[in-house]
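To start, the structure itself, in structure tokens.
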Number of protein chains: 2
Amino acid sequence: MKPEIKAFIFDVYGTLFDVHSVKEKCDDIFPGKGLSISQSWRNKQLNYFFLRQLMGRYENFEVVTREALRYAIAQNHEDWTAEIEDKLITAYSELALYQEVKKVLAELKNKKAIILSNGTNHMLQSVVKNAGINHFFHSILSIDDVKQYKPTAAAYNYALIQLGFQREEVLFMSSNGWDISGAKNFGFHTAWINRSNAPSEKLGLAPDSIYEDITGILEWKSQE
Amino acid sequence: MKPEIKAFIFDVYGTLFDVHSVKEKCDDIFPGKGLSISQSWRNKQLNYFFLRQLMGRYENFEVVTREALRYAIAQNHEDWTAEIEDKLITAYSELALYQEVKKVLAELKNKKAIILSNGTNHMLQSVVKNAGINHFFHSILSIDDVKQYKPTAAAYNYALIQLGFQREEVLFMSSNGWDISGAKNFGFHTAWINRSNAPSEKLGLAPDSIYEDITGILEWKSQE
């Protein structure tokens, strides 16, 4: 028997959208290196917002994503130009939605579906609107409003402050192990969307549920 | 003309010692997978102490290193045992010293050579003693004493509190881009030991010097 969930809070990048769907655009610009650059880009993006948070040197997610791209291009021995950077950053607004997402969001109907992401408000509004899923969400929240990245407790707490829920009324969903660890540490119920069949994190913060895509989270929807 | 440096503070893992020298021991236990496991282990080790610091959930570096090893073994589809873990953790006390290190430490002679590492006191004392370089150091400092990992400002500040130097009197040396970024952010002079010919970090915190091994840092030693 699952507890009653009043707020279904979704992570965005990797969870609703496939961040490696920028691979094709990378490959158009850097033939044969699309996968390598997109993986390096994503790894460095994570590394950079972790580092900036640890150093107390906040910049927003668009800035971090641009910095990470510059590193990824250099690491792959290619030449950076402002034009290439702008083109690839645009790709971040046009990420591919995972195929089951619309159907699941439609089934959540009367429940409150919410986004809490490290992305900026502009990035989130663009990607959600381009995918045609904005009407499913009660709220789309960016940690840029408080300048504290997930997985800090302050980032998850921002959603509670804005929405007025108790942490035990929330189911938080993410494909990112670090994000699920942070949400569990904060006190949310958690569902890890383990799309890549990755090993579980060894941090002593096991998720409440593990699913291979977001369809499974519907079992947290109480009977009406 | 370099400023006068009173304290030469060294990072340890990756800077004085080659962390991938555990590869052979990994390969003995998991034939053919030594490189993959040692790389995965190191990446996850970094990821885990970053995450624990961000979540406010400190555990010491030995615990984090053990957790990261468990993840790396699972990621490589191998079976964990307590015996394997203990054997590989021991390898962390027997890391290979980079070949130029002893010569450079000997040349620093009257200058104060100091270690500031995320490792525990026990791990640091073991690896330094096993390599026969303990007599070169004025102090061997572990952030475990303050439970704040580098690259937080609190970690670098611990060295100042213990030693009584001003930050501008310090040259901080590390092979790790994130560590150099943190030290520069804190206000130390920095020398990045870029052993792997990696791209520079794109965080707006360029090091004062870049060398391919630690020999270059001798140019920071003022004339006597």
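By order in the structure tokens, chains are A, B, ...; within a chain, residues start at 1; ligands start at 1, following the order shown.
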
### Message
I need the contact residues of chain B against chain A, so if you could list those with any atom within 10 Å, counting only C-alpha atoms, and return them as number ranges by chain, that would help.
### Response
B: 44, 46-48, 50-57, 59, 63-64, 66-77, 149-154, 178-179, 181-183, 185-186, 197-204

Expected file contents, prior selection, N, CA and C atoms, as a compact mmCIF listing (two decimals), in the first residue's frame:
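Output (result.txt):
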# COMPACT_ATOMS: atom_id res chain seq x y z
N LYS B 44 33.72 7.53 -9.72
CA LYS B 44 32.65 7.44 -8.72
C LYS B 44 33.10 7.96 -7.37
N LEU B 46 35.14 10.51 -6.88
CA LEU B 46 34.97 11.96 -6.98
C LEU B 46 33.49 12.33 -6.87
N ASN B 47 32.67 11.62 -7.62
CA ASN B 47 31.24 11.88 -7.62
C ASN B 47 30.66 11.76 -6.21
N TYR B 48 31.08 10.74 -5.49
CA TYR B 48 30.49 10.49 -4.17
C TYR B 48 30.91 11.49 -3.11
N PHE B 50 31.76 14.60 -3.74
CA PHE B 50 31.02 15.81 -4.15
C PHE B 50 29.58 15.72 -3.64
N LEU B 51 28.93 14.60 -3.93
CA LEU B 51 27.52 14.42 -3.55
C LEU B 51 27.33 14.50 -2.05
N ARG B 52 28.18 13.81 -1.30
CA ARG B 52 28.02 13.82 0.16
C ARG B 52 28.21 15.22 0.72
N GLN B 53 29.15 15.96 0.15
CA GLN B 53 29.34 17.35 0.60
C GLN B 53 28.09 18.18 0.26
N LEU B 54 27.56 18.02 -0.94
CA LEU B 54 26.38 18.79 -1.36
C LEU B 54 25.15 18.45 -0.54
N MET B 55 25.04 17.19 -0.14
CA MET B 55 23.86 16.76 0.62
C MET B 55 24.03 16.97 2.12
N GLY B 56 25.23 17.43 2.54
CA GLY B 56 25.47 17.57 3.97
C GLY B 56 25.49 16.22 4.68
N ARG B 57 26.10 15.24 4.05
CA ARG B 57 26.06 13.87 4.55
C ARG B 57 27.48 13.30 4.53
N GLU B 59 30.86 11.47 5.00
CA GLU B 59 31.53 10.24 5.46
C GLU B 59 32.98 10.41 5.03
N VAL B 63 35.52 5.52 3.58
CA VAL B 63 34.14 5.05 3.37
C VAL B 63 33.70 5.33 1.94
N VAL B 64 33.94 6.55 1.48
CA VAL B 64 33.55 6.95 0.12
C VAL B 64 34.28 6.10 -0.93
N ARG B 66 35.39 3.06 -0.54
CA ARG B 66 34.78 1.71 -0.50
C ARG B 66 33.43 1.70 -1.23
N GLU B 67 32.62 2.71 -0.99
CA GLU B 67 31.31 2.79 -1.66
C GLU B 67 31.50 2.88 -3.18
N ALA B 68 32.47 3.70 -3.58
CA ALA B 68 32.72 3.89 -5.01
C ALA B 68 33.20 2.60 -5.66
N LEU B 69 34.01 1.83 -4.92
CA LEU B 69 34.48 0.55 -5.45
C LEU B 69 33.31 -0.42 -5.66
N ARG B 70 32.39 -0.42 -4.70
CA ARG B 70 31.22 -1.31 -4.85
C ARG B 70 30.43 -0.95 -6.10
N TYR B 71 30.29 0.34 -6.34
CA TYR B 71 29.58 0.77 -7.54
C TYR B 71 30.35 0.35 -8.80
N ALA B 72 31.65 0.58 -8.79
CA ALA B 72 32.48 0.27 -9.97
C ALA B 72 32.44 -1.22 -10.30
N ILE B 73 32.46 -2.06 -9.26
CA ILE B 73 32.38 -3.52 -9.48
C ILE B 73 31.03 -3.88 -10.08
N ALA B 74 29.95 -3.30 -9.54
CA ALA B 74 28.60 -3.58 -10.08
C ALA B 74 28.48 -3.08 -11.52
N GLN B 75 29.03 -1.90 -11.78
CA GLN B 75 28.94 -1.32 -13.12
C GLN B 75 29.65 -2.20 -14.15
N ASN B 76 30.66 -2.90 -13.69
CA ASN B 76 31.41 -3.78 -14.58
C ASN B 76 30.93 -5.23 -14.52
N HIS B 77 29.73 -5.40 -13.95
CA HIS B 77 29.07 -6.72 -13.91
C HIS B 77 29.93 -7.80 -13.28
N TYR B 149 35.12 18.68 2.43
CA TYR B 149 35.95 18.26 1.30
C TYR B 149 36.38 19.45 0.45
N LYS B 150 37.60 19.35 -0.08
CA LYS B 150 37.93 20.20 -1.22
C LYS B 150 36.95 19.85 -2.33
N PRO B 151 36.43 20.78 -3.15
CA PRO B 151 36.90 22.15 -3.33
C PRO B 151 36.13 23.21 -2.55
N THR B 152 35.56 22.88 -1.37
CA THR B 152 34.93 23.94 -0.58
C THR B 152 36.01 24.86 0.00
N ALA B 153 35.66 26.11 0.19
CA ALA B 153 36.61 27.07 0.76
C ALA B 153 37.05 26.62 2.16
N ALA B 154 36.15 26.01 2.91
CA ALA B 154 36.45 25.57 4.28
C ALA B 154 37.62 24.59 4.31
N TRP B 178 39.40 20.33 -10.83
CA TRP B 178 38.41 20.81 -9.85
C TRP B 178 39.10 21.33 -8.58
N ASP B 179 40.24 20.73 -8.25
CA ASP B 179 40.97 21.12 -7.03
C ASP B 179 41.68 22.46 -7.25
N SER B 181 40.70 24.69 -9.40
CA SER B 181 39.64 25.70 -9.46
C SER B 181 39.24 26.13 -8.05
N GLY B 182 39.09 25.16 -7.15
CA GLY B 182 38.72 25.46 -5.77
C GLY B 182 39.77 26.28 -5.05
N ALA B 183 41.04 25.93 -5.26
CA ALA B 183 42.15 26.62 -4.59
C ALA B 183 42.29 28.06 -5.11
N ASN B 185 39.82 29.80 -6.47
CA ASN B 185 38.62 30.46 -5.96
C ASN B 185 38.83 30.93 -4.52
N PHE B 186 39.57 30.13 -3.76
CA PHE B 186 39.85 30.47 -2.36
C PHE B 186 40.87 31.59 -2.23
N ASN B 197 47.51 15.93 -20.14
CA ASN B 197 47.29 16.84 -21.27
C ASN B 197 45.79 17.07 -21.48
N ALA B 198 45.10 17.34 -20.38
CA ALA B 198 43.66 17.58 -20.42
C ALA B 198 43.37 19.02 -20.83
N PRO B 199 42.17 19.29 -21.34
CA PRO B 199 41.81 20.69 -21.63
C PRO B 199 41.70 21.47 -20.32
N SER B 200 41.90 22.77 -20.38
CA SER B 200 41.73 23.59 -19.18
C SER B 200 40.24 23.68 -18.84
N GLU B 201 39.96 23.80 -17.55
CA GLU B 201 38.58 23.96 -17.11
C GLU B 201 38.05 25.31 -17.59
N LYS B 202 36.75 25.35 -17.87
CA LYS B 202 36.12 26.57 -18.40
C LYS B 202 35.27 27.25 -17.33
N LEU B 203 35.90 27.47 -16.17
CA LEU B 203 35.16 28.01 -15.02
C LEU B 203 35.57 29.43 -14.66
N GLY B 204 36.43 30.03 -15.52
CA GLY B 204 36.87 31.39 -15.22
C GLY B 204 37.83 31.46 -14.04

### Task
Can you pull out every residue within 10 Å of Phe61 (chain A), counting only C-alpha atoms, but drop anything in the same chain fewer than 3 positions away, and send it as a ChimeraX atom specification?
/A:45-46,48-49,58,64-67,117-121,123,142-144,147,149

Can you spit out the residues from that selection as a PDB file, in the first residue's frame, using N, CA and C atoms?
ATOM      1  N   GLN A  45      28.761  18.972 -17.664  1.00  0.00           N
ATOM      2  CA  GLN A  45      27.663  19.813 -17.171  1.00  0.00           C
ATOM      3  C   GLN A  45      27.354  19.466 -15.714  1.00  0.00           C
ATOM      4  N   LEU A  46      27.248  18.182 -15.415  1.00  0.00           N
ATOM      5  CA  LEU A  46      27.012  17.731 -14.036  1.00  0.00           C
ATOM      6  C   LEU A  46      28.173  18.159 -13.141  1.00  0.00           C
ATOM      7  N   TYR A  48      30.271  20.563 -13.501  1.00  0.00           N
ATOM      8  CA  TYR A  48      30.387  22.017 -13.305  1.00  0.00           C
ATOM      9  C   TYR A  48      29.340  22.592 -12.358  1.00  0.00           C
ATOM     10  N   PHE A  49      28.101  22.090 -12.385  1.00  0.00           N
ATOM     11  CA  PHE A  49      27.184  22.699 -11.406  1.00  0.00           C
ATOM     12  C   PHE A  49      27.448  22.147 -10.014  1.00  0.00           C
ATOM     13  N   TYR A  58      27.875  30.385  -7.838  1.00  0.00           N
ATOM     14  CA  TYR A  58      26.718  30.068  -8.680  1.00  0.00           C
ATOM     15  C   TYR A  58      26.701  30.812 -10.008  1.00  0.00           C
ATOM     16  N   VAL A  64      26.406  27.280 -17.262  1.00  0.00           N
ATOM     17  CA  VAL A  64      27.129  26.040 -16.974  1.00  0.00           C
ATOM     18  C   VAL A  64      27.122  25.106 -18.188  1.00  0.00           C
ATOM     19  N   THR A  65      25.982  25.048 -18.864  1.00  0.00           N
ATOM     20  CA  THR A  65      25.858  24.168 -20.030  1.00  0.00           C
ATOM     21  C   THR A  65      26.747  24.656 -21.166  1.00  0.00           C
ATOM     22  N   ARG A  66      26.852  25.973 -21.305  1.00  0.00           N
ATOM     23  CA  ARG A  66      27.755  26.540 -22.315  1.00  0.00           C
ATOM     24  C   ARG A  66      29.217  26.258 -21.964  1.00  0.00           C
ATOM     25  N   GLU A  67      29.580  26.456 -20.700  1.00  0.00           N
ATOM     26  CA  GLU A  67      30.962  26.185 -20.264  1.00  0.00           C
ATOM     27  C   GLU A  67      31.317  24.715 -20.483  1.00  0.00           C
ATOM     28  N   SER A 117      13.608  21.489 -11.587  1.00  0.00           N
ATOM     29  CA  SER A 117      14.802  21.223 -12.392  1.00  0.00           C
ATOM     30  C   SER A 117      15.908  22.226 -12.098  1.00  0.00           C
ATOM     31  N   ASN A 118      17.119  21.775 -12.383  1.00  0.00           N
ATOM     32  CA  ASN A 118      18.278  22.672 -12.316  1.00  0.00           C
ATOM     33  C   ASN A 118      18.330  23.634 -13.502  1.00  0.00           C
ATOM     34  N   GLY A 119      17.550  23.378 -14.550  1.00  0.00           N
ATOM     35  CA  GLY A 119      17.520  24.266 -15.714  1.00  0.00           C
ATOM     36  C   GLY A 119      16.974  25.635 -15.364  1.00  0.00           C
ATOM     37  N   THR A 120      17.248  26.611 -16.208  1.00  0.00           N
ATOM     38  CA  THR A 120      16.686  27.944 -15.983  1.00  0.00           C
ATOM     39  C   THR A 120      15.213  27.950 -16.368  1.00  0.00           C
ATOM     40  N   ASN A 121      14.494  28.956 -15.906  1.00  0.00           N
ATOM     41  CA  ASN A 121      13.087  29.095 -16.286  1.00  0.00           C
ATOM     42  C   ASN A 121      12.936  29.159 -17.802  1.00  0.00           C
ATOM     43  N   MET A 123      14.960  27.950 -20.158  1.00  0.00           N
ATOM     44  CA  MET A 123      15.236  26.633 -20.751  1.00  0.00           C
ATOM     45  C   MET A 123      14.059  25.672 -20.542  1.00  0.00           C
ATOM     46  N   SER A 142      12.134  26.258 -11.354  1.00  0.00           N
ATOM     47  CA  SER A 142      13.578  26.248 -11.581  1.00  0.00           C
ATOM     48  C   SER A 142      14.293  26.605 -10.297  1.00  0.00           C
ATOM     49  N   ILE A 143      15.337  25.862  -9.975  1.00  0.00           N
ATOM     50  CA  ILE A 143      16.145  26.195  -8.795  1.00  0.00           C
ATOM     51  C   ILE A 143      16.895  27.510  -8.974  1.00  0.00           C
ATOM     52  N   ASP A 144      16.864  28.054 -10.217  1.00  0.00           N
ATOM     53  CA  ASP A 144      17.497  29.356 -10.453  1.00  0.00           C
ATOM     54  C   ASP A 144      16.840  30.446  -9.598  1.00  0.00           C
ATOM     55  N   LYS A 147      18.867  29.797  -6.559  1.00  0.00           N
ATOM     56  CA  LYS A 147      20.308  29.678  -6.828  1.00  0.00           C
ATOM     57  C   LYS A 147      20.986  28.623  -5.946  1.00  0.00           C
ATOM     58  N   TYR A 149      21.558  24.488  -6.408  1.00  0.00           N
ATOM     59  CA  TYR A 149      21.337  23.325  -7.270  1.00  0.00           C
ATOM     60  C   TYR A 149      20.926  22.089  -6.484  1.00  0.00           C
TER      61      TYR A 149
END

### Task
Write out as a list in words each polymer residue whose atoms come within 10 Å of His20 (chain B), counting only C-alpha atoms; drop sequence neighbours fewer than 3 positions from it.
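Those residues are Tyr13, Gly14, Phe17, Lys23, Glu24, Lys25, Cys26, Gly34, Leu35, Ile37, Ser38, Gln39, Trp41, Arg42, Tyr92, Leu95 and Ala96 of chain B.
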
Just write the chosen residues, all heavy atoms, as a short mmCIF file (atom, residue, chain, number, x, y, z; two decimals), in the first residue's frame.
data_model
loop_
_atom_site.label_atom_id
_atom_site.label_comp_id
_atom_site.auth_asym_id
_atom_site.auth_seq_id
_atom_site.Cartn_x
_atom_site.Cartn_y
_atom_site.Cartn_z
N TYR B 13 46.36 12.55 -4.31
CA TYR B 13 45.89 11.53 -5.27
C TYR B 13 45.83 12.12 -6.67
O TYR B 13 45.09 13.06 -6.93
CB TYR B 13 44.52 10.99 -4.85
CG TYR B 13 44.55 10.39 -3.46
CD1 TYR B 13 43.84 10.96 -2.41
CD2 TYR B 13 45.31 9.26 -3.20
CE1 TYR B 13 43.88 10.41 -1.13
CE2 TYR B 13 45.36 8.70 -1.93
CZ TYR B 13 44.64 9.29 -0.90
OH TYR B 13 44.68 8.75 0.36
N GLY B 14 46.61 11.54 -7.55
CA GLY B 14 46.69 12.03 -8.93
C GLY B 14 47.81 13.04 -9.11
O GLY B 14 48.26 13.27 -10.23
N PHE B 17 50.81 10.81 -6.46
CA PHE B 17 50.64 9.36 -6.69
C PHE B 17 49.68 9.11 -7.85
O PHE B 17 48.69 9.84 -8.01
CB PHE B 17 50.05 8.70 -5.44
CG PHE B 17 50.97 8.74 -4.25
CD1 PHE B 17 50.91 9.79 -3.34
CD2 PHE B 17 51.90 7.73 -4.05
CE1 PHE B 17 51.77 9.83 -2.25
CE2 PHE B 17 52.77 7.77 -2.96
CZ PHE B 17 52.70 8.83 -2.06
N LYS B 23 45.25 -0.20 -11.08
CA LYS B 23 44.73 -0.95 -12.24
C LYS B 23 45.24 -2.40 -12.27
O LYS B 23 44.47 -3.34 -12.49
CB LYS B 23 45.16 -0.22 -13.52
CG LYS B 23 44.65 -0.81 -14.79
CD LYS B 23 45.21 -0.06 -16.00
CE LYS B 23 46.74 -0.22 -16.08
NZ LYS B 23 47.33 0.48 -17.23
N GLU B 24 46.54 -2.59 -12.01
CA GLU B 24 47.12 -3.94 -12.05
C GLU B 24 46.47 -4.83 -11.00
O GLU B 24 46.16 -5.99 -11.28
CB GLU B 24 48.63 -3.93 -11.82
CG GLU B 24 49.45 -3.43 -13.01
CD GLU B 24 49.45 -1.91 -13.16
OE1 GLU B 24 49.02 -1.21 -12.20
OE2 GLU B 24 49.84 -1.41 -14.22
N LYS B 25 46.25 -4.30 -9.80
CA LYS B 25 45.60 -5.12 -8.76
C LYS B 25 44.16 -5.42 -9.14
O LYS B 25 43.66 -6.51 -8.88
CB LYS B 25 45.69 -4.42 -7.40
CG LYS B 25 47.01 -4.76 -6.71
CD LYS B 25 47.31 -3.90 -5.51
CE LYS B 25 48.78 -4.09 -5.13
NZ LYS B 25 49.32 -2.92 -4.43
N CYS B 26 43.48 -4.46 -9.74
CA CYS B 26 42.12 -4.73 -10.24
C CYS B 26 42.17 -5.82 -11.31
O CYS B 26 41.30 -6.70 -11.36
CB CYS B 26 41.50 -3.47 -10.84
SG CYS B 26 41.02 -2.22 -9.62
N GLY B 34 40.70 -4.47 -15.51
CA GLY B 34 41.42 -3.62 -14.56
C GLY B 34 41.30 -2.14 -14.87
O GLY B 34 41.00 -1.33 -14.00
N LEU B 35 41.50 -1.77 -16.12
CA LEU B 35 41.44 -0.35 -16.49
C LEU B 35 40.02 0.18 -16.33
O LEU B 35 39.82 1.25 -15.75
CB LEU B 35 41.91 -0.17 -17.95
CG LEU B 35 41.92 1.28 -18.43
CD1 LEU B 35 42.88 2.14 -17.61
CD2 LEU B 35 42.29 1.36 -19.91
N ILE B 37 37.57 -0.91 -14.43
CA ILE B 37 37.17 -0.80 -13.03
C ILE B 37 37.91 0.33 -12.32
O ILE B 37 37.30 1.09 -11.57
CB ILE B 37 37.36 -2.16 -12.29
CG1 ILE B 37 36.29 -3.15 -12.80
CG2 ILE B 37 37.26 -2.00 -10.77
CD1 ILE B 37 36.39 -4.55 -12.25
N SER B 38 39.19 0.49 -12.59
CA SER B 38 39.93 1.55 -11.88
C SER B 38 39.45 2.93 -12.31
O SER B 38 39.36 3.85 -11.50
CB SER B 38 41.44 1.39 -12.04
OG SER B 38 41.87 1.68 -13.34
N GLN B 39 39.09 3.09 -13.59
CA GLN B 39 38.57 4.39 -14.04
C GLN B 39 37.19 4.67 -13.46
O GLN B 39 36.90 5.77 -12.98
CB GLN B 39 38.49 4.43 -15.57
CG GLN B 39 39.86 4.62 -16.21
CD GLN B 39 39.84 4.58 -17.72
OE1 GLN B 39 38.89 4.09 -18.32
NE2 GLN B 39 40.90 5.06 -18.34
N TRP B 41 36.01 3.42 -10.77
CA TRP B 41 36.21 3.61 -9.33
C TRP B 41 36.60 5.05 -9.01
O TRP B 41 36.01 5.70 -8.15
CB TRP B 41 37.28 2.62 -8.86
CG TRP B 41 37.53 2.55 -7.38
CD1 TRP B 41 36.81 3.16 -6.38
CD2 TRP B 41 38.55 1.80 -6.73
NE1 TRP B 41 37.33 2.83 -5.16
CE2 TRP B 41 38.40 2.00 -5.33
CE3 TRP B 41 39.59 0.97 -7.17
CZ2 TRP B 41 39.25 1.41 -4.39
CZ3 TRP B 41 40.43 0.39 -6.22
CH2 TRP B 41 40.26 0.60 -4.86
N ARG B 42 37.58 5.56 -9.73
CA ARG B 42 38.03 6.93 -9.49
C ARG B 42 36.92 7.95 -9.80
O ARG B 42 36.68 8.87 -9.02
CB ARG B 42 39.28 7.23 -10.34
CG ARG B 42 39.79 8.66 -10.29
CD ARG B 42 40.25 9.09 -8.90
NE ARG B 42 40.89 10.41 -8.91
CZ ARG B 42 41.12 11.12 -7.81
NH1 ARG B 42 40.79 10.67 -6.61
NH2 ARG B 42 41.70 12.30 -7.90
N TYR B 92 45.26 1.20 -2.21
CA TYR B 92 45.27 2.66 -2.09
C TYR B 92 46.37 3.17 -1.16
O TYR B 92 46.70 4.35 -1.15
CB TYR B 92 43.89 3.17 -1.63
CG TYR B 92 43.24 3.98 -2.72
CD1 TYR B 92 42.59 3.36 -3.77
CD2 TYR B 92 43.32 5.37 -2.72
CE1 TYR B 92 42.02 4.08 -4.79
CE2 TYR B 92 42.76 6.11 -3.73
CZ TYR B 92 42.10 5.46 -4.77
OH TYR B 92 41.56 6.19 -5.78
N LEU B 95 50.02 3.10 -3.56
CA LEU B 95 50.00 3.73 -4.89
C LEU B 95 51.41 4.03 -5.35
O LEU B 95 52.31 4.28 -4.54
CB LEU B 95 49.19 5.03 -4.84
CG LEU B 95 47.69 4.90 -4.52
CD1 LEU B 95 47.07 6.29 -4.37
CD2 LEU B 95 46.98 4.10 -5.60
N ALA B 96 51.58 4.05 -6.67
CA ALA B 96 52.90 4.36 -7.23
C ALA B 96 53.12 5.88 -7.23
O ALA B 96 52.27 6.65 -7.66
CB ALA B 96 52.99 3.82 -8.66
#
